[in-house]
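Reading through the C-alpha cells given below for one structure.
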Amino acid sequence: MTTLKDLEITYDKPNWCPGCGDWGIWISLKNAIVQLGLNPWEIVLVSGIGCSSKLPYWVKTYGFNGLHGRPMPVAEAIKLVNHNLTVIVVAGDGDQYGEGLNHFIHAARRNVNLTMMTHNNQIYGLTTGQFSPTTDIGEKNKATPVPTVEIPISPLSLALSAGATFIARGFMGDNKFQTELIVDAIKHKGFSLVDTMQPCVTFNHKNTFTWFYERVYKLENHDASSKTKAFEKIQEWPLCYQLKENEKEKIPLGIFYQENRPTWEEGLPQIAQTPLAKQSIENRDISPLLEELM
Amino acid sequence: MIDIQWLIGGEAGYGIMTVGAMMGKIFTRLGLSVFDYVEYPSLIRGGHNAYYVRASSEEIFSQKKPVDILVALNRETIDKHKEELSANAAVLYDPNFTKVEEGEFPSTVLLFPIPLLEITKQVNADKVMINTVTLGASLALFYDDFSILEKIIQDAFGKKGEKVIAENLNTTKAGFDFVKKNFRDKYPLKIQSKPQENLLIGGAEAVALGAIRSGVNFAAIYPMTPINTVLSTLVAQALKYNIIVKEPEDEIAGINMAIGASFAGARSMVATSGGGFCLMVEGLGLAAQTETPLVIIEGMRPGPGTGFPTWTEQGDLQFVMHAAHGDFPRIVLAPGDMNEAFDFTMHAFNLAEKYQLQVIVLVDKYLMESHASASAEEFKIQNSKFRIERGKILTDEEVSSETDYKRYAFVEDGVSPRSLPGQMGGIALNGSDEHDDRGLYDEASENRIKMMDKRYKKLESALSDIPSPKLVGDTAPPLTILGFGSTKMPVVEAINWLKKDRINVNFLQVSYLSPFPSDVVSEIIKNAKKTLVIEGNKTGQFEALIREKTGLSVDHNFRKYDGRPFYPEEIVEKVKSILT
C-alpha cells in the first residue's frame, strides 16, 4: 500500500508562490497515486522547464527534469523501453503548447500509453509574465505592446484531431475533481491529456480563481465516445474572438473524449514478452550479417 | 598486377546503385581488393549518377582518377567522364540511343556498342533492366564464367522470389552472351580469380553492425543523407535482435527520445548529419548535464544550410567539438575506414555507458556511402574480442539495500552509480538544472564547482580506455602527414603509391579528437622534419585544433571543400611539390 508519506521527500519543499495552482496539482497527483495504489519506484514523472516542471523535485518517484518543451519525447521513449512503468508528463502551457507543441501532437497520434498533464496558467510565470500560446485574445502584457490578436491554442481540439484517446480539462479550484481526472487518465490505456486550468496568482490578473469559478461547469450527460459531440463541447472555450458586451464565457470541465485504440508499445513485437529494459543485450551473434557481406 | 576501375553512369532511377554494388561483389568474389565510390545529386529521378568500382590484385584503400571500363547508360555519361578514361579504356553503350562520333576518343580506347534496350526486349524484360544487361556485359569483358554472377544474383534477390531472380538472370546472361559472341577477346585484360579473403562493406553498414554487436537496443533516427543506410540496416535487423528503431518527428525529438531510452536502461543512439545535429545540440547539453549515456553518429556533408546534401566534407569538426552552450566533457572519435567504423562504434557504446558521457562518432558521406574490402578475418577477430561494458548500473540487489541513494554521488572517478526507473530503492531525480548529488537544483557556489569538476573527472577517467594515436609508416621520413577521419583512406593509398616512387612519408591519424592526445601529437610534430595536414574543409579546422591543443603550427596544408573526396593522385602531387 502506497501512502502519501511514501511520496514525501524530506530534504526539500516546494517553492511555488502561495496560492499558486501548482500546489493543488501536486496534491491531486499524489492523491491519485495513492488511490491507484501505484508503487512510487514504478512511476516516472517527466517535466520540462517552468514553475510547473519543478513538480518532480517534490514527489518521491523517479523523475526526469529535461528541457523546455521537450519532456514528451523523453517520456515516450521511457515508456517504450520499460512499459511496466507509469509515465506522466508534467509541464506547462509554454512547454507543451509553445516550444514543444509538435511533440504533443505526435505523441497523441502514436497513442503512446502515458499521461500528459499540462499546468495551463495562460501566461509565462517563471520569466515574470509574458504571454503564452493559451493567453486569451485581446490581452496585453509584458510581451505585447498592443492587445494580442493571436487566438489562443485550443489544446483539446488539437488533441482530438491528432488522435488522443483520452481528453479532459481540470481546474485547480476543485482538487477532488482533479484527482478523479488524473486517476481516470492514468487508468486509461493510451495517450491521455489532462489540461488543467491553474491560475497564476502573481502574473495573470485576468484568469484568476474567481474568474474561473464564475465560468466553469462540469460536463454532464456528455457522450464521451462521440468525436463530434466532443468537438462541439471543446469549441465552447477558449474563444477565438473578443467577447461582446454582456457576454460571458462558459468553460466546461471533465472528460470530453475517450476511446480504445492500440497503443504505440503494443505495435512492437520486440517487447511483446519482456520490457526492453529487462532484456539482455549480451552475446549477439552477428556472424550471419558478416556472411552476407562475402 | 590488376588495377582496374569500372564506372557506370546514367540517370537516377536506372538502378545504378544496385548494379554498382553487384559489380563490387563480383570483384570481391574474384578475390580482388575493392573500393567503390558514388556521386549523385539530391533527387529521385533524372540527374546524373556515377558509381565507381575500383578493384586490384593488391590491397587498395581508395578510388583513383582513371576509368578503365565506362558503362554509359546515356550520352551525358560520356560527356561528363570522357576526360577520365585511361588510354586503353573500354566504353560500353547502346548505339541506338547514345551517338558516338568517329574520332571522339583516342584510337586506343575500345568501343563496345551493345543494343541494351533491344536485348531487354528479346528476353521480355522491362526497359529499366538495361542496367543489369551492362553488368553481364561488363563481366564478359574480363571473365569467362557466368556462374559467379549467377550466384551473386541468387544471393541478392533470394528473398524477392524466383521470378525476380529469373528476370535478373535472363538480362545479365543476355548481356554476357552478347559480348562473348560479338566481341570475344576484344578486351585484352583477363582476371584470374583468387581465393576470397575479404568482405565488402560500406561505412554506414559497418557503423550499424558495430552498434548491433555492441548491444544497441534503442535508436531514434530521422532520415538524412548520409546516414540513411544506418537506419535501414538497423530496421532490417530490428526484430531479429530486439532493437526498437523509431523515426521521430524531428531530430530534436530524436535525441530526447534517445536520452529517455538511455535513462530507462536501453543502449541508445541517434544518427544524423550536420544539419540534423544542429537541431540536436540542445539535447546534447541535456544529456551532458543529466549524465545520460548516448552515442551520436554525425555524418558530415557540406554546409551550411541545406548545403551540398549528397557530397562530402569534414566541415563539422569544430562544431561537434564545441556544440551546445556551457562547458561539458564529451568524447569525439573519427573512424578512418570500414574496420574502424565497426570497431569505434562498438567502443563508443562502452565509453558512453562506462563514463556516462556522450560519444560522437564523426563520419562523413565519403566513408558512409563508399564500400571497401575489409579482411573478413579481421572483422571476425574484432567481433569475437569485443566485450560489452555497461559501467556502473546498479543491480536490483545492490539498489534494494540503498537507504539514501544519490544519483550524482561524488565519487573518485566522477562516475556515480546509476539506478534505473523501476528499481525499488533507486528512486532519483535526473535534473537538467545544476543540481546537488540528489539531482535537486542547487545554486550554491561550492556545489557548482564540485559538480562541474565531477563531470570533467569522468573524461580524465576515460583516458585509460582511449588508445593513443600511432604513427604509421617509415621512421624519420622527410614528411609527416596528419589527418582525421575518412581522409585516412586516400592518404594510405597515396603513401603506397609514393613508396613505389621511393618517397617515404608517414601518417598520423588522430582518431580520438576529444579528449585530444596533446602530448603525443606535440611530440610527433616536434620530431617531424616537415608536416602536412590534409583535411576536407576550407578553414583548416583540424589544423586549428592541433594549434589550440599543442601550441604548434604545421608547415603545410592541403584542404578540399568542393564536395569531392581526396584522390591519391592529388595527395601524391602535393607531397612531391613539398619535397622537391
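Labeling convention for the C-alpha cells: chains A, B, ... as they appear, residues from 1 per chain, ligands from 1 in order of appearance.
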Return the neighbours of chain A among the residues of chain B, cut-off 8 Å, counting only C-alpha atoms, as a PyMOL selection string. chain B and resi 25+28-29+198-201+209+212-218+238-239+241-244+249+253-254+256-261+263-266+283+286+376+380+388+421-433+440
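Of the residues in range 27-113 of chain A, those that DSSP places in strand (DSSP E or B) on the basis of the backbone are A:Ile43, A:Val44, A:Leu45, A:Val46, A:Ser47, A:Tyr62, A:Gly63, A:Phe64, A:Asn65, A:Thr86, A:Val87, A:Ile88, A:Val89, A:Val90, A:Ala91, A:Gly92.
The spacing separating CA of Arg418 in chain B from CA of Lys457 in chain B amounts to 16.4 Å.
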Using DSSP secondary structure from the backbone, list all helix (DSSP H, G or I) positions within range 64-109 of chain A, as a PDB file with N, CA and C atoms, in the first residue's frame.
ATOM      1  N   PRO A  71       9.811  17.496 -22.766  1.00  0.00           N
ATOM      2  CA  PRO A  71       9.615  16.303 -21.925  1.00  0.00           C
ATOM      3  C   PRO A  71       8.934  15.149 -22.658  1.00  0.00           C
ATOM      4  N   MET A  72       8.082  15.475 -23.643  1.00  0.00           N
ATOM      5  CA  MET A  72       7.283  14.420 -24.276  1.00  0.00           C
ATOM      6  C   MET A  72       8.128  13.322 -24.940  1.00  0.00           C
ATOM      7  N   PRO A  73       9.081  13.677 -25.832  1.00  0.00           N
ATOM      8  CA  PRO A  73       9.861  12.581 -26.442  1.00  0.00           C
ATOM      9  C   PRO A  73      10.657  11.774 -25.416  1.00  0.00           C
ATOM     10  N   VAL A  74      11.137  12.427 -24.356  1.00  0.00           N
ATOM     11  CA  VAL A  74      11.850  11.688 -23.302  1.00  0.00           C
ATOM     12  C   VAL A  74      10.892  10.656 -22.706  1.00  0.00           C
ATOM     13  N   ALA A  75       9.665  11.122 -22.400  1.00  0.00           N
ATOM     14  CA  ALA A  75       8.675  10.251 -21.762  1.00  0.00           C
ATOM     15  C   ALA A  75       8.249   9.112 -22.687  1.00  0.00           C
ATOM     16  N   GLU A  76       8.058   9.423 -23.961  1.00  0.00           N
ATOM     17  CA  GLU A  76       7.637   8.386 -24.915  1.00  0.00           C
ATOM     18  C   GLU A  76       8.644   7.239 -24.944  1.00  0.00           C
ATOM     19  N   ALA A  77       9.926   7.596 -24.976  1.00  0.00           N
ATOM     20  CA  ALA A  77      10.955   6.557 -25.048  1.00  0.00           C
ATOM     21  C   ALA A  77      11.039   5.763 -23.752  1.00  0.00           C
ATOM     22  N   ILE A  78      10.850   6.446 -22.634  1.00  0.00           N
ATOM     23  CA  ILE A  78      10.870   5.721 -21.349  1.00  0.00           C
ATOM     24  C   ILE A  78       9.785   4.639 -21.373  1.00  0.00           C
ATOM     25  N   LYS A  79       8.618   4.999 -21.881  1.00  0.00           N
ATOM     26  CA  LYS A  79       7.504   4.040 -21.927  1.00  0.00           C
ATOM     27  C   LYS A  79       7.826   2.868 -22.864  1.00  0.00           C
ATOM     28  N   LEU A  80       8.487   3.173 -23.998  1.00  0.00           N
ATOM     29  CA  LEU A  80       8.837   2.096 -24.933  1.00  0.00           C
ATOM     30  C   LEU A  80       9.855   1.140 -24.315  1.00  0.00           C
ATOM     31  N   VAL A  81      10.786   1.712 -23.588  1.00  0.00           N
ATOM     32  CA  VAL A  81      11.883   0.897 -23.055  1.00  0.00           C
ATOM     33  C   VAL A  81      11.439   0.099 -21.829  1.00  0.00           C
ATOM     34  N   ASP A  93       1.994  25.277 -20.101  1.00  0.00           N
ATOM     35  CA  ASP A  93       1.452  25.604 -21.409  1.00  0.00           C
ATOM     36  C   ASP A  93       2.550  26.095 -22.356  1.00  0.00           C
ATOM     37  N   GLY A  94       3.554  26.763 -21.817  1.00  0.00           N
ATOM     38  CA  GLY A  94       4.672  27.186 -22.667  1.00  0.00           C
ATOM     39  C   GLY A  94       5.427  25.980 -23.200  1.00  0.00           C
ATOM     40  N   ASP A  95       5.658  25.012 -22.329  1.00  0.00           N
ATOM     41  CA  ASP A  95       6.326  23.766 -22.705  1.00  0.00           C
ATOM     42  C   ASP A  95       5.567  22.994 -23.784  1.00  0.00           C
ATOM     43  N   GLN A  96       4.306  22.717 -23.471  1.00  0.00           N
ATOM     44  CA  GLN A  96       3.549  21.722 -24.232  1.00  0.00           C
ATOM     45  C   GLN A  96       2.828  22.289 -25.451  1.00  0.00           C
ATOM     46  N   TYR A  97       2.479  23.588 -25.366  1.00  0.00           N
ATOM     47  CA  TYR A  97       1.715  24.180 -26.469  1.00  0.00           C
ATOM     48  C   TYR A  97       2.523  25.215 -27.237  1.00  0.00           C
ATOM     49  N   GLY A  98       3.705  25.565 -26.721  1.00  0.00           N
ATOM     50  CA  GLY A  98       4.568  26.517 -27.412  1.00  0.00           C
ATOM     51  C   GLY A  98       5.784  25.799 -27.958  1.00  0.00           C
ATOM     52  N   GLU A  99       6.837  25.790 -27.149  1.00  0.00           N
ATOM     53  CA  GLU A  99       8.120  25.202 -27.565  1.00  0.00           C
ATOM     54  C   GLU A  99       7.988  23.760 -28.086  1.00  0.00           C
ATOM     55  N   LEU A 101       5.065  21.996 -28.994  1.00  0.00           N
ATOM     56  CA  LEU A 101       3.721  21.657 -29.485  1.00  0.00           C
ATOM     57  C   LEU A 101       3.714  20.436 -30.399  1.00  0.00           C
ATOM     58  N   ASN A 102       4.698  20.367 -31.285  1.00  0.00           N
ATOM     59  CA  ASN A 102       4.675  19.254 -32.249  1.00  0.00           C
ATOM     60  C   ASN A 102       4.837  17.899 -31.558  1.00  0.00           C
ATOM     61  N   HIS A 103       5.612  17.876 -30.466  1.00  0.00           N
ATOM     62  CA  HIS A 103       5.808  16.592 -29.776  1.00  0.00           C
ATOM     63  C   HIS A 103       4.488  16.085 -29.203  1.00  0.00           C
ATOM     64  N   PHE A 104       3.679  17.025 -28.692  1.00  0.00           N
ATOM     65  CA  PHE A 104       2.365  16.688 -28.139  1.00  0.00           C
ATOM     66  C   PHE A 104       1.492  16.060 -29.231  1.00  0.00           C
ATOM     67  N   ILE A 105       1.463  16.688 -30.402  1.00  0.00           N
ATOM     68  CA  ILE A 105       0.625  16.179 -31.497  1.00  0.00           C
ATOM     69  C   ILE A 105       1.073  14.773 -31.920  1.00  0.00           C
ATOM     70  N   HIS A 106       2.393  14.582 -32.026  1.00  0.00           N
ATOM     71  CA  HIS A 106       2.886  13.264 -32.466  1.00  0.00           C
ATOM     72  C   HIS A 106       2.666  12.187 -31.407  1.00  0.00           C
ATOM     73  N   ALA A 107       2.813  12.562 -30.156  1.00  0.00           N
ATOM     74  CA  ALA A 107       2.564  11.585 -29.091  1.00  0.00           C
ATOM     75  C   ALA A 107       1.098  11.162 -29.111  1.00  0.00           C
ATOM     76  N   ALA A 108       0.211  12.125 -29.395  1.00  0.00           N
ATOM     77  CA  ALA A 108      -1.219  11.827 -29.437  1.00  0.00           C
ATOM     78  C   ALA A 108      -1.539  10.852 -30.568  1.00  0.00           C
ATOM     79  N   ARG A 109      -0.984  11.083 -31.741  1.00  0.00           N
ATOM     80  CA  ARG A 109      -1.315  10.196 -32.866  1.00  0.00           C
ATOM     81  C   ARG A 109      -0.723   8.802 -32.675  1.00  0.00           C
TER      82      ARG A 109
END
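Atom pair CA of Val201 in chain A / CA of Ile123 in chain A: separated by 10.6 Å.
The protein and nucleic acid residues lying at most 7 Å from Thr134 in chain A are Asp93, Gln122, Pro152 and Ile153 of chain A, with only C-alpha atoms considered and sequence neighbours fewer than 5 positions away removed.
Minimum atom-to-atom distance to Ser161 in chain A, evaluated using only C-alpha atoms, belongs to A:Lys227 out of A:Arg261, A:Lys5, A:Lys227, A:Lys176.
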With a distance cut-off of 10 Å and only C-alpha atoms, select the neighbouring residues of Asn260 in chain A, excluding the residue or stretch itself and same-chain residues fewer than 4 positions from it, and output the selection as number ranges by chain. A: 111, 165-166, 188-190, 225
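Shortest atom-to-atom contact with Ser373 in chain B among B:Asp453, B:Glu76, B:Glu543, B:Glu58: B:Glu58, counting only C-alpha atoms.
Across the structure, CA of Ala544 in chain B and CA of Gly326 in chain B are spaced 20.8 Å apart.
Ranking A:Pro275, A:Gly138, A:Gly254, A:Pro238 by their shortest atom-to-atom distance to Phe177 in chain A, with only C-alpha atoms included, puts A:Gly254 first.
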Find the residues around Gln382 in chain B up to 10 Å (only C-alpha atoms counted), leave out those fewer than 2 positions away in its own chain, and share them as number ranges by chain. B: 210, 339-340, 342-343, 346, 376-380, 384-387
Write the residues you've just listed into a file as a PDB file, in the first residue's frame, and include N, CA and C atoms for each of them.
ATOM      1  N   GLY B 210      28.385  -2.455 -35.994  1.00  0.00           N
ATOM      2  CA  GLY B 210      29.071  -2.187 -34.737  1.00  0.00           C
ATOM      3  C   GLY B 210      28.058  -1.906 -33.636  1.00  0.00           C
ATOM      4  N   ASN B 339      36.896  -0.980 -41.071  1.00  0.00           N
ATOM      5  CA  ASN B 339      37.176  -1.704 -39.834  1.00  0.00           C
ATOM      6  C   ASN B 339      37.015  -0.799 -38.624  1.00  0.00           C
ATOM      7  N   GLU B 340      37.514   0.427 -38.782  1.00  0.00           N
ATOM      8  CA  GLU B 340      37.396   1.379 -37.660  1.00  0.00           C
ATOM      9  C   GLU B 340      35.947   1.807 -37.440  1.00  0.00           C
ATOM     10  N   PHE B 342      33.376   0.038 -37.727  1.00  0.00           N
ATOM     11  CA  PHE B 342      32.792  -1.067 -36.949  1.00  0.00           C
ATOM     12  C   PHE B 342      33.310  -1.045 -35.507  1.00  0.00           C
ATOM     13  N   ASP B 343      34.629  -1.004 -35.401  1.00  0.00           N
ATOM     14  CA  ASP B 343      35.304  -1.104 -34.114  1.00  0.00           C
ATOM     15  C   ASP B 343      35.007   0.101 -33.212  1.00  0.00           C
ATOM     16  N   MET B 346      31.418   0.176 -31.816  1.00  0.00           N
ATOM     17  CA  MET B 346      31.270  -0.735 -30.668  1.00  0.00           C
ATOM     18  C   MET B 346      31.846  -0.089 -29.413  1.00  0.00           C
ATOM     19  N   ALA B 376      37.941 -10.281 -43.830  1.00  0.00           N
ATOM     20  CA  ALA B 376      36.871 -10.980 -43.111  1.00  0.00           C
ATOM     21  C   ALA B 376      37.401 -11.501 -41.784  1.00  0.00           C
ATOM     22  N   GLU B 377      38.668 -11.942 -41.806  1.00  0.00           N
ATOM     23  CA  GLU B 377      39.305 -12.466 -40.610  1.00  0.00           C
ATOM     24  C   GLU B 377      39.396 -11.383 -39.516  1.00  0.00           C
ATOM     25  N   GLU B 378      39.820 -10.198 -39.954  1.00  0.00           N
ATOM     26  CA  GLU B 378      39.961  -9.069 -39.037  1.00  0.00           C
ATOM     27  C   GLU B 378      38.608  -8.723 -38.389  1.00  0.00           C
ATOM     28  N   PHE B 379      37.555  -8.713 -39.217  1.00  0.00           N
ATOM     29  CA  PHE B 379      36.211  -8.449 -38.687  1.00  0.00           C
ATOM     30  C   PHE B 379      35.826  -9.500 -37.656  1.00  0.00           C
ATOM     31  N   LYS B 380      36.148 -10.760 -37.970  1.00  0.00           N
ATOM     32  CA  LYS B 380      35.792 -11.839 -37.040  1.00  0.00           C
ATOM     33  C   LYS B 380      36.549 -11.676 -35.720  1.00  0.00           C
ATOM     34  N   SER B 384      34.879 -11.103 -32.146  1.00  0.00           N
ATOM     35  CA  SER B 384      34.976 -12.043 -31.021  1.00  0.00           C
ATOM     36  C   SER B 384      35.702 -11.427 -29.833  1.00  0.00           C
ATOM     37  N   LYS B 385      36.561 -10.418 -30.087  1.00  0.00           N
ATOM     38  CA  LYS B 385      37.288  -9.797 -28.976  1.00  0.00           C
ATOM     39  C   LYS B 385      36.433  -8.829 -28.169  1.00  0.00           C
ATOM     40  N   PHE B 386      35.392  -8.308 -28.808  1.00  0.00           N
ATOM     41  CA  PHE B 386      34.623  -7.237 -28.168  1.00  0.00           C
ATOM     42  C   PHE B 386      33.816  -7.728 -26.972  1.00  0.00           C
ATOM     43  N   ARG B 387      33.872  -6.980 -25.885  1.00  0.00           N
ATOM     44  CA  ARG B 387      33.067  -7.272 -24.697  1.00  0.00           C
ATOM     45  C   ARG B 387      32.223  -6.063 -24.352  1.00  0.00           C
TER      46      ARG B 387
END
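The protein and nucleic acid residues lying at most 6 Å from Ile255 in chain A are Ile167, Ala168 and Tyr257 of chain A, with only C-alpha atoms considered and sequence neighbours fewer than 2 positions away removed.
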For the selection just defined, write its residues with C-alpha atoms to a file, as a short mmCIF file (atom, residue, chain, number, x, y, z; two decimals), in the first residue's frame.
data_model
loop_
_atom_site.label_atom_id
_atom_site.label_comp_id
_atom_site.auth_asym_id
_atom_site.auth_seq_id
_atom_site.Cartn_x
_atom_site.Cartn_y
_atom_site.Cartn_z
CA ILE A 167 -9.08 14.22 -23.42
CA ALA A 168 -10.02 16.08 -20.26
CA TYR A 257 -13.49 12.22 -25.22
#
I'd like the contact shell of Trp237 in chain A - 8 Å cut-off, only C-alpha atoms, skipping same-chain residues fewer than 4 positions apart - returned as a compact mmCIF listing (two decimals) with C-alpha atoms, in the first residue's frame.
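Dumped to result_15.txt:
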# COMPACT_ATOMS: atom_id res chain seq x y z
CA SER A 154 -7.10 25.06 -28.19
CA GLU A 249 -17.50 32.53 -21.35
CA LYS A 250 -18.73 29.09 -20.28
CA ILE A 251 -15.88 26.71 -19.55
CA PRO A 252 -16.72 23.01 -19.47
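When only C-alpha atoms are used to compute distances to Ser461 in chain B, the closest of the residues B:Arg54, B:His81, B:Lys354, B:Lys127 turns out to be B:Lys354.
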